[in-house]
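What follows is a short report on a single structure.
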Amino acid sequence: MYLLAQREKVVRIPPDRLAEDLDETVVQLAHESFEGKVEGSDSLTVMVSNIHREGPGRIVHGDGAVYQKVTFESLIFRPTIQEVVEGSVVEILKFGAFVRFGPLDGLLHISQIMDDRIDVDDSNQRLLGKDTKRDLRVGDKVRARIVALSINERSPRESKIGLTMRQPGLGKLEWIEEERKKKSEKEKGGAA
């Protein structure tokens, strides 16, 4: 889930940057300091904007840098357990598929793709249902539910996010549409 929040933090301005335009330097350092970083244990800051200096900065004895309080708007991505997400398959492996949703990737384990036995077709980079003949390939759009979540604060791209598509209304978007059409035809046939 994306959220927009007002933040107030401190930016460290190194001594060698004090001769530059202070407002431009603060904006650049705020982008470098906060974007792509995990905040708390569950939120990834995607972007910061409307950055403003607040009051005079402070110099810490022995450091020489200026510590400047700044306010800004922060676009945050905060995935939650049981949240339904849509994304694209970015990698197929023997044990499942990685799905990119927002700025993160989640693992769709082979056991969580569909209610069917699955063959791995390495040469064509796809996972194939033995009975249904449905396949999952790189680039496919899917809808999945987050079932496990562990955000890595030091390296957000290495976060562990487990996904499932084995619930009604989840799966490859084409599969969902097929199921919707079947249900609609069944209801029409039953009404006649």
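Each chain of the structure tokens is named A, B, ... in the order shown, its residues numbered from 1; ligands are numbered from 1 in display order.
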
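Per DSSP on the backbone, helix (DSSP H, G or I) in segment 89-164 of chain A comprises A:Ile110, A:Ser111, A:Gln112, A:Pro156, A:Arg157, A:Glu158.
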
Against segment 54-78 of chain A, which residues of segment 17-45 of chain A fall within 7 Å? For each one I want the closest pair of atoms and the distance in Å (one decimal), counting only C-alpha atoms, rows by chain and increasing residue number, as a Markdown table.
```
| residue | atom | partner | partner_atom | distance |
| --- | --- | --- | --- | --- |
| A:Asp42 | CA | A:Arg78 | CA | 6.0 |
| A:Ser43 | CA | A:Arg78 | CA | 4.5 |
| A:Leu44 | CA | A:Phe77 | CA | 5.2 |
| A:Thr45 | CA | A:Ile76 | CA | 4.5 |
```

Could you pull the residues within 6 Å of segment 161-163 of chain A, counting only C-alpha atoms, minus those fewer than 3 positions along the same chain, as a list in words? Gly106, Leu107, Leu108, Arg145, Ile146, Val147, Ala148 and Leu149 of chain A

Applying 8 Å and only C-alpha atoms, which residues near segment 27-30 of chain A remain after dropping the ones on its own chain fewer than 4 positions away? List them as a PyMOL selection string. chain A and resi 11-13+23+34-35+48+51-52

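Taking only C-alpha atoms into account, Asp115 of chain A lies nearest to A:Gly129 out of the set A:Gly129, A:Gly87, A:Pro103, A:Pro15.
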
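Distance-wise, atom CA of Gly169 of chain A and atom CA of Pro156 of chain A end up 28.5 Å apart.
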
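Restricting the calculation to only C-alpha atoms, the smallest distance between Arg53 of chain A and any of A:Lys9, A:Arg137, A:Arg143, A:Lys130 is found for A:Lys9.
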
So that I can check the secondary structure, give me every residue of segment 10-79 of chain A assigned strand (DSSP E or B) by backbone DSSP, as number ranges by chain. A: 10-13, 38-39, 43-53, 58-59, 66-77

Selected residues, C-alpha atoms, written as an mmCIF file, in the first residue's frame, please.
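The new file again-v2.cif reads:
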```cif
data_model
loop_
_atom_site.group_PDB
_atom_site.id
_atom_site.type_symbol
_atom_site.label_atom_id
_atom_site.label_comp_id
_atom_site.auth_asym_id
_atom_site.auth_seq_id
_atom_site.Cartn_x
_atom_site.Cartn_y
_atom_site.Cartn_z
ATOM 1 C CA VAL A 10 17.703 15.869 10.150
ATOM 2 C CA VAL A 11 20.146 15.983 7.227
ATOM 3 C CA ARG A 12 23.918 16.045 7.789
ATOM 4 C CA ILE A 13 25.646 18.604 5.542
ATOM 5 C CA VAL A 38 13.394 1.294 5.215
ATOM 6 C CA GLU A 39 11.683 3.358 7.863
ATOM 7 C CA SER A 43 7.908 0.877 5.359
ATOM 8 C CA LEU A 44 10.081 1.658 2.354
ATOM 9 C CA THR A 45 10.467 5.322 1.427
ATOM 10 C CA VAL A 46 10.049 5.467 -2.332
ATOM 11 C CA MET A 47 10.337 9.206 -2.894
ATOM 12 C CA VAL A 48 10.641 12.482 -0.986
ATOM 13 C CA SER A 49 9.417 15.858 -2.226
ATOM 14 C CA ASN A 50 8.636 19.414 -1.061
ATOM 15 C CA ILE A 51 11.803 19.499 1.044
ATOM 16 C CA HIS A 52 12.242 22.604 3.217
ATOM 17 C CA ARG A 53 14.858 23.653 5.768
ATOM 18 C CA ARG A 58 23.411 22.879 14.377
ATOM 19 C CA ILE A 59 27.140 22.251 14.376
ATOM 20 C CA VAL A 66 25.912 21.138 9.930
ATOM 21 C CA TYR A 67 22.882 19.149 11.072
ATOM 22 C CA GLN A 68 19.850 20.721 9.444
ATOM 23 C CA LYS A 69 16.251 19.927 10.367
ATOM 24 C CA VAL A 70 14.096 19.423 7.261
ATOM 25 C CA THR A 71 10.418 18.807 6.587
ATOM 26 C CA PHE A 72 9.230 16.921 3.519
ATOM 27 C CA GLU A 73 6.499 14.793 2.018
ATOM 28 C CA SER A 74 7.364 11.133 1.802
ATOM 29 C CA LEU A 75 5.803 8.552 -0.527
ATOM 30 C CA ILE A 76 5.937 5.311 1.451
ATOM 31 C CA PHE A 77 5.343 1.738 0.321
#
```

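Each of A:Lys37, A:Arg126, A:Arg166, A:His109 was checked against Asp140 of chain A using only C-alpha atoms; the smallest atom-to-atom distance is that of A:Arg126.
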